[in-house]
>>> print(open('model-v4.txt').read())   # compact mmCIF, C-alpha atoms
# COMPACT_ATOMS: atom_id res chain seq x y z
CA MET A 1 50.02 92.30 101.56
CA SER A 2 47.46 94.94 102.42
CA LYS A 3 45.81 96.90 99.67
CA LYS A 4 48.08 99.72 98.63
CA GLN A 5 47.24 103.38 98.46
CA SER A 6 46.85 105.22 95.19
CA PRO A 7 49.80 105.38 92.82
CA GLN A 8 49.88 109.11 93.39
CA ASP A 9 51.53 108.67 96.76
CA GLY A 10 52.95 105.24 95.95
CA ALA A 11 53.08 104.01 99.54
CA PRO A 12 51.62 100.86 101.03
CA VAL A 13 49.17 101.12 103.92
CA SER A 14 51.87 99.93 106.32
CA PRO A 15 55.50 100.71 105.42
CA TRP A 16 56.65 99.13 108.71
CA ARG A 17 57.08 95.73 107.13
CA ALA A 18 59.08 97.09 104.22
CA ALA A 19 61.31 99.16 106.50
CA SER A 20 61.87 96.23 108.88
CA ALA A 21 62.83 93.74 106.16
CA ALA A 22 65.10 96.24 104.42
CA GLY A 23 66.65 97.30 107.72
CA LEU A 24 67.39 93.73 108.80
CA GLY A 25 69.52 93.19 105.72
CA THR A 26 71.28 96.50 106.23
CA MET A 27 72.07 95.54 109.82
CA ILE A 28 73.64 92.28 108.67
CA GLU A 29 75.55 94.05 105.89
CA TYR A 30 77.13 96.46 108.35
CA TYR A 31 77.82 93.72 110.86
CA ASP A 32 79.69 91.76 108.20
CA PHE A 33 81.39 94.73 106.56
CA GLN A 34 82.52 96.51 109.72
CA LEU A 35 83.59 93.44 111.66
CA TYR A 36 86.90 93.62 109.83
CA GLY A 37 87.48 97.17 111.07
CA VAL A 38 86.50 96.25 114.63
CA LEU A 39 89.00 93.35 114.64
CA ALA A 40 91.70 95.24 112.73
CA VAL A 41 94.22 95.09 115.58
CA THR A 42 93.83 91.29 115.88
CA LEU A 43 93.89 90.72 112.12
CA SER A 44 97.06 92.78 111.75
CA VAL A 45 98.89 90.27 113.97
CA LEU A 46 97.52 87.25 112.10
CA PHE A 47 97.83 88.32 108.47
CA PHE A 48 100.62 90.92 108.36
CA GLN A 49 103.69 89.75 110.24
CA THR A 50 105.97 92.60 109.21
CA GLY A 51 107.87 92.92 112.48
CA ASN A 52 106.53 96.47 112.84
CA GLU A 53 103.29 96.96 114.76
CA ASN A 54 102.36 100.24 113.08
CA ALA A 55 103.17 98.93 109.60
CA ALA A 56 101.07 95.80 110.19
CA LEU A 57 98.10 97.88 111.33
CA LEU A 58 98.41 100.22 108.35
CA SER A 59 98.50 97.21 106.00
CA THR A 60 95.38 95.84 107.64
CA LEU A 61 93.58 99.16 107.31
CA ALA A 62 94.69 99.39 103.67
CA VAL A 63 92.91 96.07 103.00
CA PHE A 64 89.91 97.48 104.89
CA GLY A 65 89.90 100.34 102.41
CA GLY A 66 90.37 97.98 99.47
CA ALA A 67 86.82 96.71 99.87
CA PHE A 68 85.55 100.18 99.08
CA LEU A 69 87.15 100.03 95.65
CA ALA A 70 84.71 97.27 94.72
CA ARG A 71 81.66 99.08 96.10
CA PRO A 72 81.05 101.35 93.07
CA LEU A 73 81.25 98.30 90.78
CA GLY A 74 78.65 96.58 92.93
CA GLY A 75 76.63 99.78 93.05
CA ILE A 76 76.62 100.07 89.25
CA PHE A 77 75.70 96.41 88.77
CA PHE A 78 73.00 96.19 91.43
CA GLY A 79 71.70 99.65 90.56
CA TRP A 80 71.16 98.46 86.98
CA PHE A 81 69.75 95.15 88.23
CA GLY A 82 67.39 96.83 90.69
CA ASP A 83 66.17 99.44 88.20
CA LYS A 84 65.57 96.72 85.60
CA HIS A 85 64.40 93.66 87.57
CA GLY A 86 63.08 95.18 90.80
CA ARG A 87 64.30 96.25 94.22
CA THR A 88 63.54 93.05 96.12
CA ALA A 89 65.38 90.75 93.69
CA ALA A 90 68.51 92.89 93.96
CA LEU A 91 68.29 93.09 97.75
CA MET A 92 68.06 89.31 98.05
CA PHE A 93 71.15 88.93 95.85
CA THR A 94 73.25 91.44 97.80
CA ILE A 95 72.63 90.05 101.27
CA VAL A 96 73.39 86.44 100.31
CA GLY A 97 76.61 87.50 98.59
CA ILE A 98 78.00 89.56 101.44
CA GLY A 99 77.16 86.81 103.94
CA ILE A 100 79.05 84.19 101.95
CA ALA A 101 82.10 86.47 101.64
CA SER A 102 82.10 87.09 105.39
CA ALA A 103 81.81 83.41 106.24
CA LEU A 104 84.73 82.61 103.92
CA MET A 105 86.81 85.24 105.72
CA GLY A 106 86.26 83.37 108.96
CA MET A 107 87.67 80.21 107.39
CA LEU A 108 90.89 81.71 106.02
CA PRO A 109 94.31 80.34 107.00
CA THR A 110 96.65 82.96 108.46
CA TYR A 111 100.11 84.19 107.50
CA ALA A 112 101.73 81.52 109.66
CA THR A 113 100.14 78.85 107.45
CA LEU A 114 100.10 80.33 103.94
CA GLY A 115 102.56 83.19 104.04
CA LEU A 116 101.82 86.01 101.60
CA ALA A 117 98.87 84.09 100.13
CA ALA A 118 96.95 84.68 103.38
CA PRO A 119 96.67 88.49 103.09
CA ALA A 120 95.95 88.07 99.37
CA LEU A 121 92.95 85.84 100.15
CA LEU A 122 91.90 88.27 102.87
CA LEU A 123 91.89 91.07 100.30
CA LEU A 124 89.86 88.92 97.88
CA CYS A 125 87.19 88.32 100.51
CA ARG A 126 87.08 92.03 101.30
CA LEU A 127 86.65 92.86 97.61
CA LEU A 128 83.71 90.43 97.41
CA GLN A 129 82.21 92.03 100.52
CA GLY A 130 82.59 95.44 98.93
CA PHE A 131 81.00 94.38 95.64
CA PHE A 132 77.84 93.04 97.28
CA ALA A 133 77.69 95.80 99.90
CA GLY A 134 77.71 98.33 97.05
CA GLY A 135 74.08 97.54 96.30
CA GLU A 136 72.71 96.80 99.77
CA ILE A 137 72.09 99.91 101.87
CA THR A 138 71.50 102.12 98.84
CA GLY A 139 68.96 99.60 97.53
CA ALA A 140 67.33 99.42 100.94
CA ALA A 141 67.14 103.24 101.11
CA THR A 142 65.56 103.30 97.65
CA TYR A 143 63.05 100.61 98.54
CA VAL A 144 61.97 102.19 101.83
CA ALA A 145 61.61 105.65 100.26
CA GLU A 146 59.35 104.20 97.58
CA CYS A 147 57.22 102.39 100.19
CA SER A 148 56.75 105.37 102.55
CA PRO A 149 54.23 108.22 102.49
CA PRO A 150 55.75 111.65 101.67
CA GLY A 151 55.41 113.06 105.18
CA LYS A 152 57.05 110.03 106.78
CA ARG A 153 60.01 109.28 104.49
CA GLY A 154 62.45 110.75 106.98
CA PHE A 155 61.07 108.63 109.81
CA PHE A 156 60.96 105.33 107.92
CA GLY A 157 64.10 106.15 105.94
CA ALA A 158 65.99 106.43 109.24
CA PHE A 159 65.36 102.73 109.86
CA ASN A 160 68.16 101.89 107.41
CA PRO A 161 70.94 103.89 109.09
CA ALA A 162 69.56 102.79 112.46
CA ALA A 163 69.88 99.19 111.30
CA ALA A 164 73.37 99.91 109.96
CA THR A 165 74.30 101.33 113.36
CA LEU A 166 72.86 98.25 115.04
CA GLY A 167 75.14 96.25 112.76
CA LEU A 168 78.11 98.26 114.02
CA SER A 169 76.98 97.72 117.58
CA LEU A 170 76.45 94.02 116.97
CA ALA A 171 79.93 93.69 115.47
CA THR A 172 81.67 95.39 118.39
CA GLY A 173 79.42 93.62 120.90
CA VAL A 174 80.08 90.18 119.45
CA ALA A 175 83.82 90.90 119.32
CA GLY A 176 83.76 92.00 122.95
CA LEU A 177 81.67 89.02 124.06
CA VAL A 178 83.86 86.48 122.28
CA THR A 179 87.00 88.11 123.70
CA THR A 180 85.51 87.97 127.20
CA LEU A 181 84.44 84.32 126.87
CA VAL A 182 87.56 82.84 125.26
CA GLY A 183 90.26 85.24 126.54
CA LYS A 184 92.70 87.42 124.63
CA GLU A 185 95.13 84.62 123.72
CA ALA A 186 92.43 82.32 122.38
CA MET A 187 90.89 85.28 120.53
CA VAL A 188 94.09 85.69 118.55
CA ASP A 189 94.46 81.93 118.12
CA TRP A 190 90.98 80.94 116.91
CA GLY A 191 88.28 83.04 118.57
CA TRP A 192 88.41 85.77 115.91
CA ARG A 193 86.77 83.36 113.45
CA ILE A 194 83.54 83.06 115.45
CA PRO A 195 82.14 86.56 114.68
CA PHE A 196 82.66 86.04 110.95
CA LEU A 197 81.03 82.58 110.94
CA LEU A 198 77.97 83.96 112.72
CA SER A 199 77.11 85.56 109.36
CA ILE A 200 75.63 82.24 108.23
CA PRO A 201 72.59 82.11 110.58
CA LEU A 202 72.08 85.85 110.21
CA ILE A 203 71.83 85.55 106.42
CA ILE A 204 69.33 82.70 106.69
CA LEU A 205 67.13 84.92 108.88
CA CYS A 206 67.32 87.81 106.41
CA VAL A 207 66.53 85.64 103.39
CA TRP A 208 63.39 84.46 105.18
CA ALA A 209 62.32 88.05 105.97
CA ARG A 210 62.96 89.43 102.50
CA SER A 211 61.19 86.55 100.78
CA ARG A 212 57.99 87.81 102.43
CA ILE A 213 57.96 91.34 100.94
CA GLU A 214 56.78 92.59 97.54
CA ASP A 215 58.43 95.12 95.27
CA SER A 216 57.80 98.81 95.85
CA PRO A 217 54.53 100.35 94.57
CA ARG A 218 56.53 103.11 92.89
CA PHE A 219 58.55 100.63 90.84
CA LYS A 220 55.46 98.60 89.91
CA GLU A 221 53.61 101.73 88.84
CA MET A 222 56.55 102.90 86.73
CA LEU A 223 56.56 99.60 84.81
CA LYS A 224 52.98 100.27 83.67
CA THR A 225 54.04 103.34 81.68
CA HIS A 226 57.80 102.99 81.12
CA ARG A 227 60.20 100.29 80.14
CA PRO A 228 63.13 99.85 82.52
CA GLU A 229 66.14 101.90 81.47
CA HIS A 230 68.57 99.85 79.38
CA SER A 231 71.50 101.92 80.63
CA PRO A 232 70.54 103.95 83.72
CA LEU A 233 74.18 104.88 84.34
CA SER A 234 74.48 106.75 81.03
CA LEU A 235 71.17 108.51 81.68
CA ILE A 236 72.41 109.64 85.10
CA VAL A 237 75.65 110.98 83.65
CA ARG A 238 73.74 112.85 80.92
CA ASN A 239 70.75 114.22 82.84
CA TYR A 240 71.35 113.89 86.58
CA ARG A 241 74.93 115.02 87.15
CA ARG A 242 73.94 117.63 89.73
CA PRO A 243 72.19 115.26 92.18
CA LEU A 244 74.93 112.72 91.56
CA LEU A 245 77.63 115.20 92.60
CA GLN A 246 75.54 116.29 95.58
CA VAL A 247 75.26 112.71 96.83
CA ILE A 248 79.01 112.20 96.34
CA ALA A 249 79.94 115.34 98.29
CA ILE A 250 77.48 114.89 101.15
CA GLY A 251 78.18 111.15 101.25
CA PHE A 252 81.92 111.84 101.45
CA ALA A 253 81.40 114.02 104.51
CA GLN A 254 79.02 111.48 106.06
CA ASN A 255 81.42 108.58 105.53
CA ALA A 256 84.66 110.31 106.47
CA ALA A 257 83.26 111.75 109.68
CA GLY A 258 81.36 108.58 110.56
CA TYR A 259 84.18 106.12 109.96
CA VAL A 260 86.66 108.15 111.99
CA GLY A 261 84.15 109.00 114.70
CA VAL A 262 82.90 105.42 115.20
CA VAL A 263 84.79 102.67 113.32
CA TYR A 264 88.32 104.06 113.62
CA LEU A 265 87.64 105.37 117.11
CA SER A 266 87.91 101.87 118.63
CA THR A 267 91.31 101.40 116.98
CA HIS A 268 92.35 104.87 118.13
CA LEU A 269 91.39 104.20 121.75
CA ILE A 270 93.09 100.79 121.82
CA HIS A 271 96.15 101.24 119.62
CA THR A 272 97.01 104.92 120.08
CA LEU A 273 95.72 105.69 123.58
CA LYS A 274 96.30 102.16 124.98
CA TYR A 275 92.91 101.65 126.63
CA ASP A 276 91.79 98.09 127.33
CA GLY A 277 90.44 96.49 124.15
CA THR A 278 87.52 94.65 125.73
CA ALA A 279 86.35 97.79 127.54
CA VAL A 280 86.55 99.80 124.31
CA PHE A 281 84.57 97.17 122.38
CA TRP A 282 81.79 97.37 124.95
CA LEU A 283 81.85 101.17 125.03
CA ILE A 284 81.49 101.58 121.27
CA SER A 285 78.88 98.83 121.12
CA LEU A 286 76.67 100.33 123.83
CA VAL A 287 76.94 103.90 122.53
CA THR A 288 76.09 102.90 118.95
CA LEU A 289 73.30 100.64 120.19
CA CYS A 290 71.65 103.54 122.00
CA SER A 291 72.13 105.85 119.01
CA ALA A 292 70.30 103.45 116.69
CA PHE A 293 67.08 103.81 118.65
CA VAL A 294 67.28 107.62 118.47
CA MET A 295 67.72 107.79 114.68
CA PRO A 296 64.03 107.43 113.73
CA PHE A 297 63.35 110.40 116.02
CA ALA A 298 65.99 112.43 114.13
CA GLY A 299 64.43 111.30 110.85
CA SER A 300 61.00 112.43 111.98
CA LEU A 301 62.43 115.84 112.91
CA SER A 302 63.67 116.17 109.32
CA ASP A 303 60.11 115.44 108.13
CA ARG A 304 58.97 118.40 110.20
CA PHE A 305 61.82 120.89 109.88
CA GLY A 306 63.54 119.77 106.66
CA ARG A 307 66.53 117.65 105.65
CA LYS A 308 68.91 120.57 105.09
CA PRO A 309 68.63 122.19 108.55
CA LEU A 310 69.06 118.87 110.36
CA LEU A 311 72.06 117.80 108.26
CA THR A 312 73.70 121.20 108.67
CA ILE A 313 73.34 120.91 112.45
CA GLY A 314 74.84 117.42 112.30
CA PHE A 315 77.92 118.52 110.37
CA LEU A 316 78.41 121.51 112.65
CA GLY A 317 78.30 119.05 115.55
CA TYR A 318 81.17 117.11 113.99
CA LEU A 319 83.20 120.31 113.76
CA VAL A 320 82.94 120.88 117.50
CA LEU A 321 82.45 117.53 119.22
CA VAL A 322 84.98 115.23 117.50
CA PRO A 323 88.06 117.31 118.37
CA LEU A 324 86.67 117.76 121.89
CA THR A 325 86.20 113.99 122.23
CA MET A 326 89.73 113.12 121.10
CA TRP A 327 91.21 115.81 123.34
CA VAL A 328 89.38 114.54 126.42
CA ALA A 329 90.14 110.88 125.56
CA SER A 330 93.86 111.69 125.38
CA TRP A 331 93.88 112.61 129.09
CA GLY A 332 94.19 108.91 130.01
CA SER A 333 90.98 108.65 132.07
CA PHE A 334 88.64 105.99 130.71
CA PRO A 335 85.53 107.32 132.54
CA LEU A 336 86.10 110.72 130.92
CA ALA A 337 86.64 109.02 127.56
CA VAL A 338 83.31 107.24 127.99
CA MET A 339 81.48 110.54 128.54
CA ALA A 340 83.25 112.17 125.60
CA VAL A 341 82.38 109.31 123.23
CA ALA A 342 78.74 109.37 124.38
CA VAL A 343 78.47 113.08 123.55
CA SER A 344 80.30 112.80 120.22
CA ILE A 345 77.75 110.30 118.88
CA VAL A 346 75.09 113.03 118.52
CA PRO A 347 76.20 114.35 115.09
CA PHE A 348 76.61 110.77 113.88
CA ILE A 349 72.96 110.12 114.77
CA VAL A 350 71.69 113.15 112.88
CA VAL A 351 73.80 112.81 109.73
CA GLN A 352 73.21 109.09 109.33
CA ALA A 353 69.47 109.33 110.00
CA VAL A 354 68.76 112.17 107.57
CA GLY A 355 71.32 111.50 104.83
CA TYR A 356 69.85 108.32 103.35
CA PRO A 357 66.29 109.62 102.92
CA LEU A 358 67.72 112.70 101.20
CA TYR A 359 69.75 110.67 98.68
CA ALA A 360 66.71 108.69 97.53
CA GLU A 361 64.69 111.90 97.10
CA LEU A 362 67.17 113.43 94.65
CA PHE A 363 66.53 110.98 91.77
CA PRO A 364 63.44 109.84 89.81
CA THR A 365 62.11 106.28 90.11
CA ARG A 366 63.53 104.91 86.86
CA VAL A 367 67.14 105.62 87.89
CA ARG A 368 66.82 106.00 91.66
CA TYR A 369 68.58 102.77 92.65
CA SER A 370 71.43 103.41 90.18
CA GLY A 371 71.84 107.07 91.09
CA VAL A 372 71.93 106.54 94.84
CA SER A 373 74.20 103.49 94.54
CA LEU A 374 76.71 105.14 92.22
CA GLY A 375 76.89 108.43 94.11
CA PHE A 376 77.02 106.98 97.59
CA ASN A 377 79.56 104.28 96.72
CA VAL A 378 81.91 106.76 95.08
CA ALA A 379 81.55 108.72 98.31
CA THR A 380 82.48 105.64 100.35
CA ILE A 381 85.76 105.39 98.44
CA LEU A 382 86.57 109.05 98.96
CA GLY A 383 85.43 109.12 102.59
CA GLY A 384 84.99 105.66 104.06
CA ALA A 385 87.86 103.79 102.41
CA THR A 386 90.45 106.43 103.16
CA ALA A 387 89.27 107.62 106.58
CA PRO A 388 90.70 104.92 108.92
CA PHE A 389 93.97 104.76 106.97
CA VAL A 390 94.38 108.55 106.79
CA ALA A 391 93.50 108.93 110.47
CA SER A 392 96.05 106.30 111.50
CA TRP A 393 98.66 107.71 109.11
CA LEU A 394 98.17 111.27 110.38
CA THR A 395 98.55 110.09 113.96
CA SER A 396 101.72 108.19 113.12
CA LEU A 397 103.11 111.08 111.07
CA THR A 398 102.44 113.86 113.56
CA GLY A 399 102.64 111.91 116.80
CA SER A 400 99.48 113.74 117.87
CA SER A 401 96.37 111.90 119.00
CA MET A 402 94.38 114.94 117.83
CA ALA A 403 95.33 114.59 114.15
CA PRO A 404 92.26 112.56 113.05
CA ALA A 405 89.95 115.27 114.44
CA PHE A 406 91.20 117.84 111.93
CA TYR A 407 90.41 115.43 109.07
CA VAL A 408 86.84 115.09 110.37
CA MET A 409 86.48 118.86 110.60
CA ALA A 410 87.57 119.30 106.96
CA ALA A 411 85.13 116.62 105.83
CA ALA A 412 82.27 118.26 107.73
CA LEU A 413 82.95 121.56 105.98
CA VAL A 414 82.66 119.81 102.60
CA GLY A 415 79.26 118.50 103.66
CA ILE A 416 78.02 121.92 104.74
CA VAL A 417 79.08 123.51 101.44
CA ALA A 418 77.42 120.72 99.41
CA LEU A 419 74.18 121.07 101.36
CA SER A 420 73.95 124.72 100.37
CA THR A 421 73.35 123.60 96.75
CA VAL A 422 70.48 121.20 97.57
CA GLN A 423 66.81 122.14 97.42
CA GLU A 424 64.65 120.97 100.32
CA THR A 425 63.00 117.62 99.58
CA SER A 426 61.04 116.71 102.72
CA GLY A 427 57.28 116.35 102.27
CA ARG A 428 57.41 116.36 98.47
CA GLN A 429 56.26 113.55 96.21
CA LEU A 430 59.08 111.40 94.84
CA ALA A 431 59.88 112.25 91.21
CA ASP A 432 58.72 109.71 88.63
>>> encode(input="model-v4.txt", output="structure tokens")
Amino acid sequence: MSKKQSPQDGAPVSPWRAASAAGLGTMIEYYDFQLYGVLAVTLSVLFFQTGNENAALLSTLAVFGGAFLARPLGGIFFGWFGDKHGRTAALMFTIVGIGIASALMGMLPTYATLGLAAPALLLLCRLLQGFFAGGEITGAATYVAECSPPGKRGFFGAFNPAAATLGLSLATGVAGLVTTLVGKEAMVDWGWRIPFLLSIPLIILCVWARSRIEDSPRFKEMLKTHRPEHSPLSLIVRNYRRPLLQVIAIGFAQNAAGYVGVVYLSTHLIHTLKYDGTAVFWLISLVTLCSAFVMPFAGSLSDRFGRKPLLTIGFLGYLVLVPLTMWVASWGSFPLAVMAVAVSIVPFIVVQAVGYPLYAELFPTRVRYSGVSLGFNVATILGGATAPFVASWLTSLTGSSMAPAFYVMAAALVGIVALSTVQETSGRQLAD
């Protein structure tokens, strides 16, 4: 690797390689993790034969949320592992684990074969996914922040959420392509397994990429003067409660709004509003694909104007655009729904792009991996795990297709309030 810059700025000459390798793993993580949500309607038929369509879907979404319960455990373990043994070792571990769990999910027998054991095994695979995912994107965000120059952390840090969004796009795109190629009946019969099994070649590619990167200069420099923390979690609870709570609150808003606005939206358009499933898969895939390429631009704006102003604008966008999108989509015109979804992706772009760089900047090097992982994964339980289920439940309870929008608006307000307590971090040196 090229000669690094001075320890004072802690960044390699070219952070592109670090950001690309970290982002590739994040893309695969989100492909694997979100594929379940994308195929929730199909999986509800295969694994939850309750005789009630709504009950089956709610059961499927409950298992989707179950994976988030394991994420903080994974975040604690891999945060400790990464702060003790290095970022790259932890990131190799997480991506292999989540890939194996996803491949196993594609091999599961269904309810028709195993009865109640089938959804139990499905839940087990989701818990494994959640455990390994708990250390992936937060570790990648930590690694990229420590490999980037101060004035470019927003730009390079946005590669991780951009990659995560590409993973979402890849998941919906693969689901749509397989459905188109094999047909709807074959998709329910056996085609649903193909997207999960594609995890195997993707993981092989990522292992190759990550084996070619070194640990972050920040972490290496820290080891020269400090021993790794024996218990970073206890140190965070004692000395870094404020940034921990800030990450939890902002992360809750980011996850709740994002999961309803993107992941649950496909279910909402298909199940609630009865649009064609294949068309919806392609719509969400194309919109998220385009948004991924805009995220580094949003990250660079936060380098120039600050993290807080950009995130505040993003959450305000959720307050306005998500209810507008769901209202327009409920009119029954798919072309209008397409335009509404395309507009509503703007706040998603901003919040995702700027949030991850901010989280890494709130903690010092010796506990950065643990702090970001713990805070963000608690936030995923509060926001991500509950969001699709709550949105579907509110729609079923009220009979209104607008109900999920009010949940997003409440979450966005939480994010705005939490941001008011954060000091600006863009352009500053990372704390050691």
>>> residues_around(input="model-v4.txt", residues="stretch 80-97 of chain A", least_positions_apart="5", cutoff="6 Å", atoms="only C-alpha atoms", output="PDB file with C-alpha atoms, in the coordinates of the input")
ATOM      1  CA  PHE A 132      77.840  93.040  97.280  1.00  0.00           C
ATOM      2  CA  GLU A 136      72.710  96.800  99.770  1.00  0.00           C
ATOM      3  CA  ASP A 215      58.430  95.120  95.270  1.00  0.00           C
ATOM      4  CA  PRO A 228      63.130  99.850  82.520  1.00  0.00           C
ATOM      5  CA  SER A 370      71.430 103.410  90.180  1.00  0.00           C
TER       6      SER A 370
END
>>> atom_distance(input="model-v4.txt", atom1="atom CA of A:Pro335", atom2="atom CA of A:Tyr275")
11.0 Å
>>> residues_around(input="model-v4.txt", residues="A:Thr278", least_positions_apart="3", cutoff="8 Å", atoms="all atoms listed in the file", output="list in words")
Gly176, Thr179, Thr180, Phe281 and Trp282 of chain A
>>> write_last_selection(input="model-v4.txt", atoms="C-alpha atoms", output="mmCIF file, in the frame of the given file")
data_model
loop_
_atom_site.group_PDB
_atom_site.id
_atom_site.type_symbol
_atom_site.label_atom_id
_atom_site.label_comp_id
_atom_site.auth_asym_id
_atom_site.auth_seq_id
_atom_site.Cartn_x
_atom_site.Cartn_y
_atom_site.Cartn_z
ATOM 1 C CA GLY A 176 83.760 92.000 122.950
ATOM 2 C CA THR A 179 87.000 88.110 123.700
ATOM 3 C CA THR A 180 85.510 87.970 127.200
ATOM 4 C CA PHE A 281 84.570 97.170 122.380
ATOM 5 C CA TRP A 282 81.790 97.370 124.950
#
>>> residues_around(input="model-v4.txt", residues="A:Leu73", least_positions_apart="5", cutoff="12 Å", atoms="all atoms listed in the file", output="list in words")
Ala67, Phe68, Phe78, Gly79, Trp80, Leu127, Leu128, Gln129, Gly130, Phe131, Phe132, Ala133, Gly134, Gly135, Leu233, Ser370, Ser373, Leu374, Gly375, Phe376, Asn377, Val378 and Ile381 of chain A
>>> atom_distance(input="model-v4.txt", atom1="atom CA of A:Val280", atom2="atom CA of A:Phe196")
19.6 Å
>>> atom_distance(input="model-v4.txt", atom1="atom CA of A:Ser211", atom2="atom CA of A:Ala18")
11.3 Å
>>> residues_around(input="model-v4.txt", residues="A:Ser333", least_positions_apart="6", cutoff="12 Å", atoms="all atoms listed in the file", output="number ranges by chain")
A: 269, 273-276, 326-327, 339-340
>>> residues_around(input="model-v4.txt", residues="A:Asp189", least_positions_apart="5", cutoff="10 Å", atoms="only C-alpha atoms", output="PDB file with C-alpha atoms, keeping the file's coordinate frame")
ATOM      1  CA  THR A  42      93.830  91.290 115.880  1.00  0.00           C
ATOM      2  CA  LEU A  46      97.520  87.250 112.100  1.00  0.00           C
ATOM      3  CA  THR A 110      96.650  82.960 108.460  1.00  0.00           C
ATOM      4  CA  VAL A 182      87.560  82.840 125.260  1.00  0.00           C
ATOM      5  CA  GLY A 183      90.260  85.240 126.540  1.00  0.00           C
ATOM      6  CA  LYS A 184      92.700  87.420 124.630  1.00  0.00           C
TER       7      LYS A 184
END
>>> closest_residue(input="model-v4.txt", among="A:Ile248, A:Arg241, A:Ala171, A:Gly355", to="A:Phe159", atoms="only C-alpha atoms")
A:Gly355
>>> residues_near_point(input="model-v4.txt", point="(70.0, 109.9, 91.8)", cutoff="8 Å", atoms="all atoms listed in the file", output="number ranges by chain")
A: 236, 240, 243-244, 247, 359-364, 367-372, 375
>>> closest_residue(input="model-v4.txt", among="A:Phe406, A:Tyr111, A:Trp393, A:Trp208", to="A:Ala55", atoms="all atoms listed in the file")
A:Trp393
>>> closest_residue(input="model-v4.txt", among="A:Ala141, A:Ala118, A:Val188, A:Leu311", to="A:Val45", atoms="only C-alpha atoms")
A:Val188
>>> closest_residue(input="model-v4.txt", among="A:Pro404, A:Pro232, A:Pro149, A:Gly99", to="A:Arg366", atoms="only C-alpha atoms")
A:Pro232
>>> closest_residue(input="model-v4.txt", among="A:Val262, A:Val422, A:Ile345, A:Ala411", to="A:Ala379", atoms="only C-alpha atoms")
A:Ala411
>>> residues_near_point(input="model-v4.txt", point="(80.9, 84.0, 115.4)", cutoff="10 Å", atoms="all atoms listed in the file", output="tab-separated table (two decimals) with C-alpha atoms, in the coordinates of the input")
chain	number	residue	atom	x	y	z
A	103	ALA	CA	81.81	83.41	106.24
A	106	GLY	CA	86.26	83.37	108.96
A	171	ALA	CA	79.93	93.69	115.47
A	174	VAL	CA	80.08	90.18	119.45
A	175	ALA	CA	83.82	90.90	119.32
A	178	VAL	CA	83.86	86.48	122.28
A	191	GLY	CA	88.28	83.04	118.57
A	192	TRP	CA	88.41	85.77	115.91
A	193	ARG	CA	86.77	83.36	113.45
A	194	ILE	CA	83.54	83.06	115.45
A	195	PRO	CA	82.14	86.56	114.68
A	196	PHE	CA	82.66	86.04	110.95
A	197	LEU	CA	81.03	82.58	110.94
A	198	LEU	CA	77.97	83.96	112.72
A	199	SER	CA	77.11	85.56	109.36
A	200	ILE	CA	75.63	82.24	108.23
A	201	PRO	CA	72.59	82.11	110.58
>>> closest_atom_pairs(input="model-v4.txt", of="stretch 73-185 of chain A", to="stretch 57-61 of chain A", cutoff="10 Å", atoms="all atoms listed in the file", output="CSV")
residue,atom,partner,partner_atom,distance
A:Pro119,CA,A:Thr60,CA,8.7
A:Leu122,CA,A:Thr60,CA,9.6
A:Leu123,CA,A:Thr60,CA,9.4
>>> closest_residue(input="model-v4.txt", among="A:Leu39, A:Val144, A:Ala158, A:Leu205", to="A:Leu24", atoms="only C-alpha atoms")
A:Leu205
